[in-house]
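Containing PDB, C-alpha atoms: data_16.pdb.
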ATOM      1  CA  MET A   1    -263.144 -31.146-149.547
ATOM      2  CA  ARG A   2    -263.026 -32.914-152.892
ATOM      3  CA  VAL A   3    -260.708 -31.752-155.685
ATOM      4  CA  LEU A   4    -261.583 -32.659-159.260
ATOM      5  CA  ARG A   5    -259.548 -32.172-162.427
ATOM      6  CA  VAL A   6    -261.293 -30.135-165.135
ATOM      7  CA  GLY A   7    -259.531 -30.327-168.451
ATOM      8  CA  GLU A   8    -255.762 -29.899-168.539
ATOM      9  CA  ARG A   9    -255.302 -26.735-166.480
ATOM     10  CA  ALA A  10    -258.244 -26.392-164.090
ATOM     11  CA  LEU A  11    -259.376 -27.731-160.725
ATOM     12  CA  LEU A  12    -262.893 -27.771-159.265
ATOM     13  CA  VAL A  13    -262.901 -27.805-155.467
ATOM     14  CA  GLU A  14    -266.111 -29.049-153.820
ATOM     15  CA  LEU A  15    -266.711 -27.858-150.237
ATOM     16  CA  ALA A  16    -269.132 -28.934-147.522
ATOM     17  CA  ASP A  17    -271.326 -25.827-147.617
ATOM     18  CA  GLY A  18    -271.488 -22.158-148.543
ATOM     19  CA  ALA A  19    -269.525 -21.006-145.497
ATOM     20  CA  ALA A  20    -266.680 -23.390-146.319
ATOM     21  CA  ALA A  21    -266.689 -22.241-149.950
ATOM     22  CA  GLU A  22    -266.486 -18.582-148.877
ATOM     23  CA  ALA A  23    -263.629 -19.288-146.484
ATOM     24  CA  PHE A  24    -261.716 -21.243-149.126
ATOM     25  CA  HIS A  25    -262.295 -18.545-151.747
ATOM     26  CA  ALA A  26    -261.059 -15.867-149.324
ATOM     27  CA  GLU A  27    -257.950 -17.950-148.637
ATOM     28  CA  LEU A  28    -257.276 -18.287-152.371
ATOM     29  CA  LEU A  29    -257.539 -14.520-152.823
ATOM     30  CA  ARG A  30    -255.129 -13.907-149.947
ATOM     31  CA  ARG A  31    -252.604 -16.377-151.321
ATOM     32  CA  ARG A  32    -252.856 -15.022-154.844
ATOM     33  CA  ALA A  33    -252.365 -11.459-153.542
ATOM     34  CA  ALA A  34    -249.230 -12.715-151.757
ATOM     35  CA  GLY A  35    -247.906 -14.254-154.977
ATOM     36  CA  ALA A  36    -248.416 -17.837-153.809
ATOM     37  CA  LEU A  37    -250.560 -18.904-156.780
ATOM     38  CA  PRO A  38    -248.462 -17.970-159.823
ATOM     39  CA  GLY A  39    -250.073 -18.650-163.172
ATOM     40  CA  VAL A  40    -253.631 -19.142-161.889
ATOM     41  CA  ARG A  41    -255.720 -16.993-164.232
ATOM     42  CA  GLU A  42    -259.183 -17.232-162.707
ATOM     43  CA  ILE A  43    -260.721 -18.105-159.340
ATOM     44  CA  VAL A  44    -264.478 -18.569-159.705
ATOM     45  CA  PRO A  45    -266.590 -19.297-156.589
ATOM     46  CA  ALA A  46    -270.115 -20.725-156.565
ATOM     47  CA  ALA A  47    -272.529 -21.803-153.820
ATOM     48  CA  ARG A  48    -270.424 -24.810-152.717
ATOM     49  CA  THR A  49    -267.517 -24.953-155.164
ATOM     50  CA  VAL A  50    -264.505 -22.933-156.312
ATOM     51  CA  LEU A  51    -262.975 -23.291-159.778
ATOM     52  CA  LEU A  52    -259.300 -22.529-160.379
ATOM     53  CA  ASP A  53    -258.363 -22.080-164.028
ATOM     54  CA  GLY A  54    -254.916 -21.750-165.552
ATOM     55  CA  VAL A  55    -253.168 -23.928-162.964
ATOM     56  CA  PRO A  56    -249.574 -24.608-164.110
ATOM     57  CA  GLU A  57    -249.216 -27.858-162.136
ATOM     58  CA  PRO A  58    -252.733 -29.098-161.362
ATOM     59  CA  ALA A  59    -251.689 -32.483-159.945
ATOM     60  CA  ARG A  60    -249.333 -30.869-157.434
ATOM     61  CA  LEU A  61    -251.834 -28.217-156.342
ATOM     62  CA  ALA A  62    -254.646 -30.787-156.097
ATOM     63  CA  ALA A  63    -252.540 -32.755-153.631
ATOM     64  CA  GLU A  64    -251.761 -29.658-151.547
ATOM     65  CA  LEU A  65    -255.234 -28.101-151.273
ATOM     66  CA  PRO A  66    -256.750 -30.538-148.722
ATOM     67  CA  GLY A  67    -253.988 -29.615-146.261
ATOM     68  CA  TRP A  68    -254.703 -25.886-146.360
ATOM     69  CA  GLU A  69    -256.175 -24.195-143.290
ATOM     70  CA  PRO A  70    -258.363 -21.325-144.543
ATOM     71  CA  GLY A  71    -258.375 -18.130-142.519
ATOM     72  CA  PRO A  72    -261.508 -16.084-141.716
ATOM     73  CA  ARG A  73    -263.958 -16.084-144.597
ATOM     74  CA  HIS A  74    -264.701 -12.386-144.031
ATOM     75  CA  ALA A  75    -261.109 -11.219-143.786
ATOM     76  CA  ARG A  76    -260.763  -7.553-144.706
ATOM     77  CA  VAL A  77    -259.269  -7.624-148.192
ATOM     78  CA  GLY A  78    -259.585  -4.496-150.338
ATOM     79  CA  GLY A  79    -261.849  -1.496-149.919
ATOM     80  CA  VAL A  80    -265.588  -1.362-149.316
ATOM     81  CA  VAL A  81    -268.085  -0.591-152.078
ATOM     82  CA  GLU A  82    -270.913   1.554-150.725
ATOM     83  CA  VAL A  83    -274.309   1.143-152.367
ATOM     84  CA  PRO A  84    -276.859   3.896-151.547
ATOM     85  CA  VAL A  85    -280.323   2.415-151.008
ATOM     86  CA  ARG A  86    -283.784   3.888-150.679
ATOM     87  CA  TYR A  87    -285.411   1.416-148.312
ATOM     88  CA  ASP A  88    -288.786   1.647-150.041
ATOM     89  CA  GLY A  89    -289.283  -1.962-151.138
ATOM     90  CA  PRO A  90    -292.782  -3.459-151.140
ATOM     91  CA  ASP A  91    -291.659  -6.411-148.983
ATOM     92  CA  LEU A  92    -289.815  -4.411-146.313
ATOM     93  CA  ALA A  93    -292.691  -4.575-143.796
ATOM     94  CA  GLU A  94    -293.064  -8.332-144.307
ATOM     95  CA  VAL A  95    -289.323  -8.894-143.856
ATOM     96  CA  ALA A  96    -289.359  -6.779-140.691
ATOM     97  CA  ALA A  97    -292.275  -8.818-139.339
ATOM     98  CA  ARG A  98    -290.370 -12.056-139.982
ATOM     99  CA  TRP A  99    -287.428 -10.614-138.068
ATOM    100  CA  GLY A 100    -289.712  -9.495-135.246
ATOM    101  CA  VAL A 101    -288.714  -5.834-135.556
ATOM    102  CA  SER A 102    -290.087  -2.579-136.953
ATOM    103  CA  PRO A 103    -289.357  -1.591-140.572
ATOM    104  CA  ALA A 104    -287.038   1.159-139.281
ATOM    105  CA  GLU A 105    -285.085  -1.393-137.227
ATOM    106  CA  ALA A 106    -284.921  -3.741-140.236
ATOM    107  CA  VAL A 107    -283.317  -0.912-142.207
ATOM    108  CA  ARG A 108    -280.816  -0.331-139.397
ATOM    109  CA  ILE A 109    -279.926  -4.036-139.247
ATOM    110  CA  HIS A 110    -279.414  -4.321-142.986
ATOM    111  CA  SER A 111    -277.508  -1.073-143.414
ATOM    112  CA  SER A 112    -275.211  -1.685-140.428
ATOM    113  CA  ALA A 113    -273.963  -5.058-141.710
ATOM    114  CA  GLU A 114    -270.848  -5.497-143.821
ATOM    115  CA  PHE A 115    -271.454  -7.871-146.705
ATOM    116  CA  ARG A 116    -269.156  -9.887-148.923
ATOM    117  CA  VAL A 117    -269.897 -11.088-152.443
ATOM    118  CA  ALA A 118    -269.815 -14.866-152.094
ATOM    119  CA  PHE A 119    -270.296 -15.559-155.804
ATOM    120  CA  CYS A 120    -272.033 -14.219-158.906
ATOM    121  CA  GLY A 121    -274.660 -15.690-161.184
ATOM    122  CA  PHE A 122    -278.256 -15.530-162.427
ATOM    123  CA  ALA A 123    -277.542 -12.434-164.548
ATOM    124  CA  PRO A 124    -274.408 -10.425-165.445
ATOM    125  CA  GLY A 125    -273.551  -8.268-162.452
ATOM    126  CA  PHE A 126    -275.755 -10.096-159.945
ATOM    127  CA  GLY A 127    -273.830 -10.918-156.778
ATOM    128  CA  TYR A 128    -274.923 -13.197-153.940
ATOM    129  CA  LEU A 129    -273.920 -11.301-150.789
ATOM    130  CA  THR A 130    -273.607 -12.790-147.316
ATOM    131  CA  GLY A 131    -273.256 -10.969-144.019
ATOM    132  CA  LEU A 132    -276.591 -10.848-142.205
ATOM    133  CA  GLY A 133    -276.333 -14.186-140.406
ATOM    134  CA  ALA A 134    -278.720 -17.115-140.126
ATOM    135  CA  ARG A 135    -281.142 -15.282-137.819
ATOM    136  CA  TYR A 136    -282.152 -12.989-140.684
ATOM    137  CA  GLU A 137    -282.673 -15.548-143.429
ATOM    138  CA  VAL A 138    -286.000 -15.140-145.241
ATOM    139  CA  PRO A 139    -287.713 -17.429-147.762
ATOM    140  CA  ARG A 140    -288.350 -16.558-151.352
ATOM    141  CA  ARG A 141    -291.815 -15.340-152.190
ATOM    142  CA  ALA A 142    -294.387 -18.095-152.709
ATOM    143  CA  THR A 143    -295.340 -16.459-156.021
ATOM    144  CA  PRO A 144    -292.468 -14.843-157.934
ATOM    145  CA  ARG A 145    -293.020 -11.465-159.577
ATOM    146  CA  THR A 146    -293.090 -11.432-163.364
ATOM    147  CA  ALA A 147    -290.944  -8.278-163.406
ATOM    148  CA  VAL A 148    -288.559  -6.960-160.767
ATOM    149  CA  PRO A 149    -287.092  -3.534-161.654
ATOM    150  CA  ALA A 150    -283.403  -2.925-162.180
ATOM    151  CA  GLY A 151    -281.789  -1.704-158.973
ATOM    152  CA  ALA A 152    -284.113  -3.614-156.649
ATOM    153  CA  VAL A 153    -282.334  -4.631-153.430
ATOM    154  CA  ALA A 154    -283.638  -8.001-152.309
ATOM    155  CA  LEU A 155    -283.253 -10.833-149.814
ATOM    156  CA  ALA A 156    -283.630 -14.604-150.166
ATOM    157  CA  GLY A 157    -282.297 -17.312-147.875
ATOM    158  CA  PRO A 158    -278.917 -16.159-146.505
ATOM    159  CA  TYR A 159    -278.287 -13.746-149.387
ATOM    160  CA  THR A 160    -278.777 -10.101-150.297
ATOM    161  CA  GLY A 161    -278.713  -9.223-153.984
ATOM    162  CA  VAL A 162    -279.291  -6.295-156.328
ATOM    163  CA  TYR A 163    -281.078  -6.890-159.627
ATOM    164  CA  PRO A 164    -278.834  -5.445-162.379
ATOM    165  CA  ARG A 165    -281.689  -5.376-164.885
ATOM    166  CA  SER A 166    -285.433  -5.916-164.977
ATOM    167  CA  SER A 167    -286.304  -9.600-164.822
ATOM    168  CA  PRO A 168    -288.685 -12.060-163.155
ATOM    169  CA  GLY A 169    -287.751 -12.818-159.560
ATOM    170  CA  GLY A 170    -288.942 -14.322-156.316
ATOM    171  CA  TRP A 171    -286.738 -12.514-153.807
ATOM    172  CA  GLN A 172    -288.101 -10.207-151.084
ATOM    173  CA  LEU A 173    -287.734  -6.586-152.229
ATOM    174  CA  ILE A 174    -286.643  -4.201-149.476
ATOM    175  CA  GLY A 175    -285.240  -1.234-151.379
ATOM    176  CA  THR A 176    -284.019   0.453-154.544
ATOM    177  CA  THR A 177    -280.625   1.740-155.685
ATOM    178  CA  ASP A 178    -279.497   3.822-158.651
ATOM    179  CA  ALA A 179    -276.089   2.124-158.655
ATOM    180  CA  VAL A 180    -275.214   0.567-162.014
ATOM    181  CA  LEU A 181    -274.368  -3.077-161.371
ATOM    182  CA  TRP A 182    -273.289  -3.985-164.908
ATOM    183  CA  ASP A 183    -271.791  -1.638-167.503
ATOM    184  CA  THR A 184    -269.849  -3.016-170.462
ATOM    185  CA  ALA A 185    -268.225   0.393-170.967
ATOM    186  CA  ARG A 186    -266.681   0.138-167.484
ATOM    187  CA  GLU A 187    -263.603  -1.865-166.462
ATOM    188  CA  PRO A 188    -264.465  -4.114-164.816
ATOM    189  CA  ALA A 189    -268.031  -4.257-166.090
ATOM    190  CA  ALA A 190    -269.368  -5.640-162.807
ATOM    191  CA  LEU A 191    -269.588  -3.300-159.819
ATOM    192  CA  LEU A 192    -269.615  -6.294-157.468
ATOM    193  CA  SER A 193    -267.276  -9.241-157.977
ATOM    194  CA  PRO A 194    -266.582 -12.258-155.749
ATOM    195  CA  GLY A 195    -264.755 -11.241-152.601
ATOM    196  CA  THR A 196    -265.845  -7.586-152.748
ATOM    197  CA  ARG A 197    -266.831  -6.043-149.407
ATOM    198  CA  VAL A 198    -270.112  -4.118-149.575
ATOM    199  CA  ARG A 199    -272.143  -1.797-147.361
ATOM    200  CA  PHE A 200    -275.652  -0.573-148.085
ATOM    201  CA  THR A 201    -276.139   3.032-146.989
ATOM    202  CA  PRO A 202    -279.617   4.510-146.482
ATOM    203  CA  ALA A 203    -280.425   7.222-149.018
ATOM    204  CA  ALA A 204    -283.220   9.780-148.874
ATOM    205  CA  ALA A 205    -286.523   8.469-150.188
ATOM    206  CA  PRO A 206    -287.861  10.174-153.329
ATOM    207  CA  SER A 207    -290.385  12.920-152.799
ATOM    208  CA  ALA A 208    -294.081  12.291-153.410
ATOM    209  CA  GLY A 209    -294.867  11.713-157.047
ATOM    210  CA  THR A 210    -291.296  10.715-157.959
ATOM    211  CA  GLY A 211    -291.136   7.272-156.384
ATOM    212  CA  ALA A 212    -289.027   4.536-157.897
ATOM    213  CA  GLY A 213    -290.884   2.150-160.137
ATOM    214  CA  ARG A 214    -291.853  -1.230-158.821
TER     215      ARG A 214
END
Do you think you could lay out the structure here as structure tokens?
Amino acid sequence: MRVLRVGERALLVELADGAAAEAFHAELLRRRAAGALPGVREIVPAARTVLLDGVPEPARLAAELPGWEPGPRHARVGGVVEVPVRYDGPDLAEVAARWGVSPAEAVRIHSSAEFRVAFCGFAPGFGYLTGLGARYEVPRRATPRTAVPAGAVALAGPYTGVYPRSSPGGWQLIGTTDAVLWDTAREPAALLSPGTRVRFTPAAAPSAGTGAGR
């Protein structure tokens, strides 16, 4: 762990890898919920770092952090957000083949896992979710698509993500959801925020002639 000062009231904590960053972020959320981080306004995780903003005594906290022993990175904090998914993605068969299973078994594996939002980025409302384990990591597509539809459920590396809006993308598309990931009229605007527990639940596929756009 390396702790860096950022401005007058913030600390950037660099961790060894994504798993360490998730565990440290989960520990921060637990301690804040218990009232042990008074004054800290924001806790912002990334792939290998966590930013704490609004720290009343940054020098003191920076000295304490390396001695912390984070608990389980997937500790059950808060409720679970369920995201209904039509597992109709164009890359589902390819993902299943990489896993060495049938498409139906790939759906079972994905929908039976509990995910956690490790961090957000790329686009407003886009969360990087972990929970499948290293065995199910898949590479990005060799040639990215010029347009991935909003609501596409996708895999890349150790992450699952849902595209909140149409955009180019190179992730493997395994399904579609009608869930609204980002809505500025909602509070909070993001459906999925760092630390949120998530389950993907299989939904009925659309009838012939009404398929989701791809």
Kindly assemble as CSV a list of the stretch 174-211 of chain A residues that lie within 7 Å of stretch 84-104 of chain A, each paired with its nearest atom pair and their distance in Å to one decimal, using only C-alpha atoms, sorted first by chain and then by ascending residue number.
residue,atom,partner,partner_atom,distance
A:Ile174,CA,A:Gly89,CA,3.8
A:Gly175,CA,A:Tyr87,CA,4.1
A:Thr176,CA,A:Arg86,CA,5.2
A:Thr177,CA,A:Val85,CA,4.7
A:Phe200,CA,A:Pro84,CA,5.8
A:Thr201,CA,A:Pro84,CA,4.7
A:Pro202,CA,A:Val85,CA,5.0
A:Ala203,CA,A:Arg86,CA,5.0
A:Ala204,CA,A:Arg86,CA,6.2
A:Ala205,CA,A:Arg86,CA,5.4
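Distances from A:Val153, A:Met1, A:Ala10, A:Ala185 to A:Gly67 were compared using all atoms listed in the file, and the smallest one belongs to A:Met1.
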Starting from the point (-271.5, -5.2, -158.5), work out which residues of protein, DNA or RNA have an atom no more than 8 Å away when counting only C-alpha atoms; state them as a PyMOL selection string. chain A and resi 125-127+180-182+190-193
Write out, as a PDB file, keeping the file's coordinate frame, the residues just selected, with C-alpha atoms.
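Final output, saved to again09.pdb:
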ATOM      1  CA  GLY A 125    -273.551  -8.268-162.452  1.00  0.00           C
ATOM      2  CA  PHE A 126    -275.755 -10.096-159.945  1.00  0.00           C
ATOM      3  CA  GLY A 127    -273.830 -10.918-156.778  1.00  0.00           C
ATOM      4  CA  VAL A 180    -275.214   0.567-162.014  1.00  0.00           C
ATOM      5  CA  LEU A 181    -274.368  -3.077-161.371  1.00  0.00           C
ATOM      6  CA  TRP A 182    -273.289  -3.985-164.908  1.00  0.00           C
ATOM      7  CA  ALA A 190    -269.368  -5.640-162.807  1.00  0.00           C
ATOM      8  CA  LEU A 191    -269.588  -3.300-159.819  1.00  0.00           C
ATOM      9  CA  LEU A 192    -269.615  -6.294-157.468  1.00  0.00           C
ATOM     10  CA  SER A 193    -267.276  -9.241-157.977  1.00  0.00           C
TER      11      SER A 193
END
Would you compute the distance between atom CA of A:Pro149 and atom CA of A:Ala19? Give it in Å to one decimal.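 Atom-to-atom, atom CA of A:Pro149 and atom CA of A:Ala19 are spaced 29.6 Å apart.
Atom CA of A:Arg145 to atom CA of A:Thr130 spans 23.0 Å [interatomic distance, one decimal].
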Around (-294.9, -15.0, -160.4) in the file's frame, which residues reach within 8 Å when counting all atoms listed in the file? Return as an mmCIF file with C-alpha atoms, in the coordinates of the input?
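See part-v1.cif below for the written result:
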data_model
loop_
_atom_site.group_PDB
_atom_site.id
_atom_site.type_symbol
_atom_site.label_atom_id
_atom_site.label_comp_id
_atom_site.auth_asym_id
_atom_site.auth_seq_id
_atom_site.Cartn_x
_atom_site.Cartn_y
_atom_site.Cartn_z
ATOM 1 C CA THR A 143 -295.340 -16.459 -156.021
ATOM 2 C CA PRO A 144 -292.468 -14.843 -157.934
ATOM 3 C CA ARG A 145 -293.020 -11.465 -159.577
ATOM 4 C CA THR A 146 -293.090 -11.432 -163.364
ATOM 5 C CA PRO A 168 -288.685 -12.060 -163.155
ATOM 6 C CA GLY A 169 -287.751 -12.818 -159.560
ATOM 7 C CA GLY A 170 -288.942 -14.322 -156.316
#
Kindly write N, CA and C atoms of stretch 32-59 of chain A from the structure just given to a file, as a PDB file, in the first residue's frame.
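See out.pdb below for the written result:
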ATOM      1  N   ARG A  32     -16.926   3.618   7.591  1.00  0.00           N
ATOM      2  CA  ARG A  32     -17.724   4.836   7.506  1.00  0.00           C
ATOM      3  C   ARG A  32     -19.134   4.583   8.039  1.00  0.00           C
ATOM      4  N   ALA A  33     -19.713   3.409   7.704  1.00  0.00           N
ATOM      5  CA  ALA A  33     -21.047   3.074   8.203  1.00  0.00           C
ATOM      6  C   ALA A  33     -21.063   2.999   9.725  1.00  0.00           C
ATOM      7  N   ALA A  34     -19.924   2.632  10.325  1.00  0.00           N
ATOM      8  CA  ALA A  34     -19.824   2.531  11.780  1.00  0.00           C
ATOM      9  C   ALA A  34     -19.454   3.865  12.431  1.00  0.00           C
ATOM     10  N   GLY A  35     -19.315   4.912  11.619  1.00  0.00           N
ATOM     11  CA  GLY A  35     -18.989   6.226  12.150  1.00  0.00           C
ATOM     12  C   GLY A  35     -17.523   6.449  12.440  1.00  0.00           C
ATOM     13  N   ALA A  36     -16.652   5.576  11.874  1.00  0.00           N
ATOM     14  CA  ALA A  36     -15.229   5.667  12.173  1.00  0.00           C
ATOM     15  C   ALA A  36     -14.459   6.570  11.213  1.00  0.00           C
ATOM     16  N   LEU A  37     -15.141   7.147  10.231  1.00  0.00           N
ATOM     17  CA  LEU A  37     -14.472   8.050   9.290  1.00  0.00           C
ATOM     18  C   LEU A  37     -15.230   9.373   9.221  1.00  0.00           C
ATOM     19  N   PRO A  38     -15.348  10.074  10.336  1.00  0.00           N
ATOM     20  CA  PRO A  38     -16.110  11.328  10.339  1.00  0.00           C
ATOM     21  C   PRO A  38     -15.475  12.368   9.421  1.00  0.00           C
ATOM     22  N   GLY A  39     -16.321  13.061   8.691  1.00  0.00           N
ATOM     23  CA  GLY A  39     -15.849  14.144   7.834  1.00  0.00           C
ATOM     24  C   GLY A  39     -15.469  13.733   6.435  1.00  0.00           C
ATOM     25  N   VAL A  40     -15.194  12.462   6.185  1.00  0.00           N
ATOM     26  CA  VAL A  40     -14.797  12.018   4.847  1.00  0.00           C
ATOM     27  C   VAL A  40     -16.019  12.106   3.936  1.00  0.00           C
ATOM     28  N   ARG A  41     -15.942  12.958   2.919  1.00  0.00           N
ATOM     29  CA  ARG A  41     -17.094  13.213   2.060  1.00  0.00           C
ATOM     30  C   ARG A  41     -17.262  12.157   0.979  1.00  0.00           C
ATOM     31  N   GLU A  42     -16.163  11.769   0.343  1.00  0.00           N
ATOM     32  CA  GLU A  42     -16.260  10.839  -0.776  1.00  0.00           C
ATOM     33  C   GLU A  42     -15.206   9.747  -0.679  1.00  0.00           C
ATOM     34  N   ILE A  43     -15.599   8.533  -1.087  1.00  0.00           N
ATOM     35  CA  ILE A  43     -14.682   7.403  -1.198  1.00  0.00           C
ATOM     36  C   ILE A  43     -14.838   6.875  -2.624  1.00  0.00           C
ATOM     37  N   VAL A  44     -13.805   7.044  -3.434  1.00  0.00           N
ATOM     38  CA  VAL A  44     -13.917   6.763  -4.868  1.00  0.00           C
ATOM     39  C   VAL A  44     -12.918   5.674  -5.266  1.00  0.00           C
ATOM     40  N   PRO A  45     -13.380   4.445  -5.512  1.00  0.00           N
ATOM     41  CA  PRO A  45     -12.468   3.372  -5.918  1.00  0.00           C
ATOM     42  C   PRO A  45     -12.190   3.401  -7.409  1.00  0.00           C
ATOM     43  N   ALA A  46     -11.061   2.833  -7.804  1.00  0.00           N
ATOM     44  CA  ALA A  46     -10.715   2.617  -9.207  1.00  0.00           C
ATOM     45  C   ALA A  46     -10.109   1.223  -9.306  1.00  0.00           C
ATOM     46  N   ALA A  47      -9.450   0.915 -10.424  1.00  0.00           N
ATOM     47  CA  ALA A  47      -8.955  -0.445 -10.641  1.00  0.00           C
ATOM     48  C   ALA A  47      -7.945  -0.872  -9.577  1.00  0.00           C
ATOM     49  N   ARG A  48      -7.041   0.053  -9.169  1.00  0.00           N
ATOM     50  CA  ARG A  48      -6.029  -0.307  -8.170  1.00  0.00           C
ATOM     51  C   ARG A  48      -5.813   0.789  -7.138  1.00  0.00           C
ATOM     52  N   THR A  49      -6.725   1.741  -7.070  1.00  0.00           N
ATOM     53  CA  THR A  49      -6.589   2.848  -6.123  1.00  0.00           C
ATOM     54  C   THR A  49      -7.934   3.147  -5.471  1.00  0.00           C
ATOM     55  N   VAL A  50      -7.866   3.868  -4.329  1.00  0.00           N
ATOM     56  CA  VAL A  50      -9.062   4.400  -3.685  1.00  0.00           C
ATOM     57  C   VAL A  50      -8.741   5.823  -3.249  1.00  0.00           C
ATOM     58  N   LEU A  51      -9.621   6.759  -3.616  1.00  0.00           N
ATOM     59  CA  LEU A  51      -9.448   8.160  -3.245  1.00  0.00           C
ATOM     60  C   LEU A  51     -10.385   8.501  -2.103  1.00  0.00           C
ATOM     61  N   LEU A  52      -9.851   9.126  -1.058  1.00  0.00           N
ATOM     62  CA  LEU A  52     -10.660   9.628   0.045  1.00  0.00           C
ATOM     63  C   LEU A  52     -10.601  11.146   0.003  1.00  0.00           C
ATOM     64  N   ASP A  53     -11.758  11.783  -0.088  1.00  0.00           N
ATOM     65  CA  ASP A  53     -11.810  13.237  -0.172  1.00  0.00           C
ATOM     66  C   ASP A  53     -12.554  13.790   1.039  1.00  0.00           C
ATOM     67  N   GLY A  54     -12.128  14.973   1.477  1.00  0.00           N
ATOM     68  CA  GLY A  54     -12.732  15.589   2.645  1.00  0.00           C
ATOM     69  C   GLY A  54     -12.217  14.999   3.940  1.00  0.00           C
ATOM     70  N   VAL A  55     -10.939  14.678   3.992  1.00  0.00           N
ATOM     71  CA  VAL A  55     -10.332  14.072   5.182  1.00  0.00           C
ATOM     72  C   VAL A  55      -9.940  15.184   6.155  1.00  0.00           C
ATOM     73  N   PRO A  56     -10.509  15.209   7.366  1.00  0.00           N
ATOM     74  CA  PRO A  56     -10.215  16.303   8.296  1.00  0.00           C
ATOM     75  C   PRO A  56      -8.745  16.371   8.704  1.00  0.00           C
ATOM     76  N   GLU A  57      -8.127  15.213   8.958  1.00  0.00           N
ATOM     77  CA  GLU A  57      -6.730  15.171   9.372  1.00  0.00           C
ATOM     78  C   GLU A  57      -5.979  14.189   8.462  1.00  0.00           C
ATOM     79  N   PRO A  58      -5.636  14.602   7.271  1.00  0.00           N
ATOM     80  CA  PRO A  58      -5.034  13.677   6.306  1.00  0.00           C
ATOM     81  C   PRO A  58      -3.708  13.074   6.762  1.00  0.00           C
ATOM     82  N   ALA A  59      -2.870  13.834   7.445  1.00  0.00           N
ATOM     83  CA  ALA A  59      -1.579  13.290   7.876  1.00  0.00           C
ATOM     84  C   ALA A  59      -1.781  12.154   8.878  1.00  0.00           C
TER      85      ALA A  59
END
